[in-house]
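Novice: Take this structure first; my questions come after.
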Amino acid sequence: MERKERTRRAILDAALELCERQPLAALSLRQVAKQVGIVPTAFYRHFESIDELGLALVDESFTSLRDLLRSARTFDSPPASDRALFLAVVDNSVKALVTHVPKADRHFRFIARERLAGPAPVRAAVRHQLELIERELATDIARVPGAGGWSGEDLLILANLLVNAMLSHAEEIALAGGREDVVRRIEGVARRQLHIVLIGALSWDSSR
């Protein structure tokens with residue numbers, strides 16, 4: 001079992017490396033098998049197709065990110081005001097991105113390429129993962145006292161704005177090549193952008 005897991009991990013890593021140079025749709029299982037050093041038929045012991053391999057990469061890319069962003073919205077002692085709470089959530093979320101994305105930069109470059117131009121099942125999987133994050137975020141925002149005047153639809157619109165902004169910044173960090181000055185600039189822009197959106201949202205009333 002341990003050997004099988006090592007081979008599966010090697011296949012995932014090989015796909016990420018190959019996808020740095022070509023899209024997933026152009027990737028063949030023979031290329032992946034050659035990169036790993038296994039016969040092509042051995043690929044099928046782990047994945048039924050290249051699309052299934054892509055789905056595994058999508059799941060791997062988002063699972064830890066969702067956990068990090070969920071943790072960023074958890075406080076032992078929540079800030080006293082809605083404004084302070086939103087600002088703290090933004091700061092924690094941006095810190096989570098800056099910490100996590102460089103460690104998984106190939107995954108996020110993969111998502112950046114494939115979420116718009118990848119095979120249909122992969123694009124659908126990325127949309128599904130983003131929708132999960134948006135729904136979780138909308139649910140958490142709804143618990144904030146100041147969000148009492150927002151409709152469910154408006155909560156989802158706000159969550160969509162925030163998640164798309166964070167994903168865009170995550171992709172920028174992944175493309176920064178580890179340059180500290182670039183990452184810090186992205187971090188500053190992300191924090192200001194999200195502050196503006198959330199502080200503006202506090203004055204919103206869905207009934208107007």
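Following the order of the structure tokens, first chain is A, next is B, and so on, with residues numbered from 1 inside each chain and ligands from 1 in the order they appear.
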Which residues are close to Glu171 (chain A), i.e. within 7 Å by only C-alpha atoms, leaving aside same-chain residues fewer than 2 positions away? Reply as a PDB file with C-alpha atoms, in the first residue's frame.
Specialist:
```pdb
ATOM      1  CA  PHE A 108      -2.188  27.282  -8.031  1.00  0.00           C
ATOM      2  CA  ARG A 109      -0.529  27.805 -11.396  1.00  0.00           C
ATOM      3  CA  ALA A 112      -4.971  29.413 -12.921  1.00  0.00           C
ATOM      4  CA  LEU A 167      -8.231  33.459  -5.941  1.00  0.00           C
ATOM      5  CA  SER A 168      -6.881  36.157  -8.255  1.00  0.00           C
ATOM      6  CA  HIS A 169      -4.342  37.217  -5.636  1.00  0.00           C
ATOM      7  CA  ILE A 173       1.442  34.979  -5.679  1.00  0.00           C
ATOM      8  CA  ALA A 174       1.917  31.602  -7.408  1.00  0.00           C
ATOM      9  CA  LEU A 175       3.309  33.394 -10.465  1.00  0.00           C
TER      10      LEU A 175
END
```
Novice: Give me the residues within 10 Å of Glu20 (chain A) as number ranges by chain, counting only C-alpha atoms and dropping any in the same chain fewer than 4 places off.
Specialist: A: 15-16, 24, 106-107, 109-110, 113
Novice: Go ahead and dump the residues you just picked, N, CA and C atoms, as a PDB file, in the first residue's frame.
Specialist:
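And here is the file that came out, selection18.pdb:
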```pdb
ATOM      1  N   ALA A  15       2.567  15.136 -13.221  1.00  0.00           N
ATOM      2  CA  ALA A  15       1.553  15.884 -13.972  1.00  0.00           C
ATOM      3  C   ALA A  15       1.690  17.382 -13.713  1.00  0.00           C
ATOM      4  N   LEU A  16       1.916  17.760 -12.473  1.00  0.00           N
ATOM      5  CA  LEU A  16       2.100  19.181 -12.158  1.00  0.00           C
ATOM      6  C   LEU A  16       3.299  19.752 -12.893  1.00  0.00           C
ATOM      7  N   LEU A  24      -3.258  20.588 -19.541  1.00  0.00           N
ATOM      8  CA  LEU A  24      -3.658  19.229 -19.172  1.00  0.00           C
ATOM      9  C   LEU A  24      -4.284  18.498 -20.356  1.00  0.00           C
ATOM     10  N   ARG A 106       2.824  25.367  -7.599  1.00  0.00           N
ATOM     11  CA  ARG A 106       2.523  24.629  -8.833  1.00  0.00           C
ATOM     12  C   ARG A 106       1.035  24.282  -8.911  1.00  0.00           C
ATOM     13  N   HIS A 107       0.432  23.979  -7.773  1.00  0.00           N
ATOM     14  CA  HIS A 107      -0.997  23.694  -7.753  1.00  0.00           C
ATOM     15  C   HIS A 107      -1.801  24.917  -8.195  1.00  0.00           C
ATOM     16  N   ARG A 109      -0.742  27.508  -9.976  1.00  0.00           N
ATOM     17  CA  ARG A 109      -0.529  27.805 -11.396  1.00  0.00           C
ATOM     18  C   ARG A 109      -1.363  26.851 -12.247  1.00  0.00           C
ATOM     19  N   PHE A 110      -1.482  25.609 -11.795  1.00  0.00           N
ATOM     20  CA  PHE A 110      -2.333  24.634 -12.478  1.00  0.00           C
ATOM     21  C   PHE A 110      -3.786  25.118 -12.493  1.00  0.00           C
ATOM     22  N   ARG A 113      -4.411  28.073 -14.865  1.00  0.00           N
ATOM     23  CA  ARG A 113      -4.487  27.711 -16.289  1.00  0.00           C
ATOM     24  C   ARG A 113      -5.752  26.923 -16.610  1.00  0.00           C
TER      25      ARG A 113
END
```
Novice: At a cut-off of 10 Å, using only C-alpha atoms, what residues contact region 65-73 of chain A? Leave out same-chain residues fewer than 6 positions from it and give the result as a VMD selection string.
Specialist: chain A and resid 85 to 86 88 to 97 99 to 101 104 129 to 130 132 to 133 136 to 137 140 to 141
Novice: Between A:Ile111, A:His195, A:Val39, A:Asp59, which has the minimum distance to Cys19 (chain A) (counting only C-alpha atoms)?
Specialist: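 Smallest separation from Cys19 (chain A) among the options: A:Ile111.
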Novice: Among region 8-193 of chain A, which residues does DSSP mark as alpha helix (DSSP H) when it is run on the backbone? Keep the chain and numbering as in the structure and answer as a PyMOL selection string.
Specialist: chain A and resi 8-18+29-36+40-43+50-72+82-100+105-117+120-142+152-174+180-193
Novice: Taking only C-alpha atoms into account, which of A:Lys103, A:Pro121, A:Phe75, A:Arg179 comes nearest Ser49 (chain A)?
Specialist: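 Smallest distance to Ser49 (chain A) is found for A:Pro121.
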Novice: Counting only C-alpha atoms, which residue out of A:Pro119, A:Glu153, A:Ala124, A:Val98 sits closest to Gly188 (chain A)?
Specialist: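 Using only C-alpha atoms, the shortest distance to Gly188 (chain A) belongs to A:Val98.
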Novice: Which residue gives the smallest distance to Arg123 (chain A) among A:Trp204, A:Val163, A:Leu57, A:Phe43, with only C-alpha atoms counted?
Specialist: A:Leu57
Novice: Could you tell me how far CA of Gly148 (chain A) sits from CA of Glu131 (chain A), in Å to one decimal place?
Specialist: 22.1 Å
Novice: Compare A:Pro78, A:Glu172, A:His46, A:Leu158 by their minimum atom-to-atom distance to Arg184 (chain A), counting only C-alpha atoms, and give me the closest one.
Specialist: A:Glu172
Novice: Counting only C-alpha atoms, figure out which residue out of A:Val122, A:Ala26, A:Leu87, A:Ala33 gets nearest to Glu52 (chain A).
Specialist: A:Val122
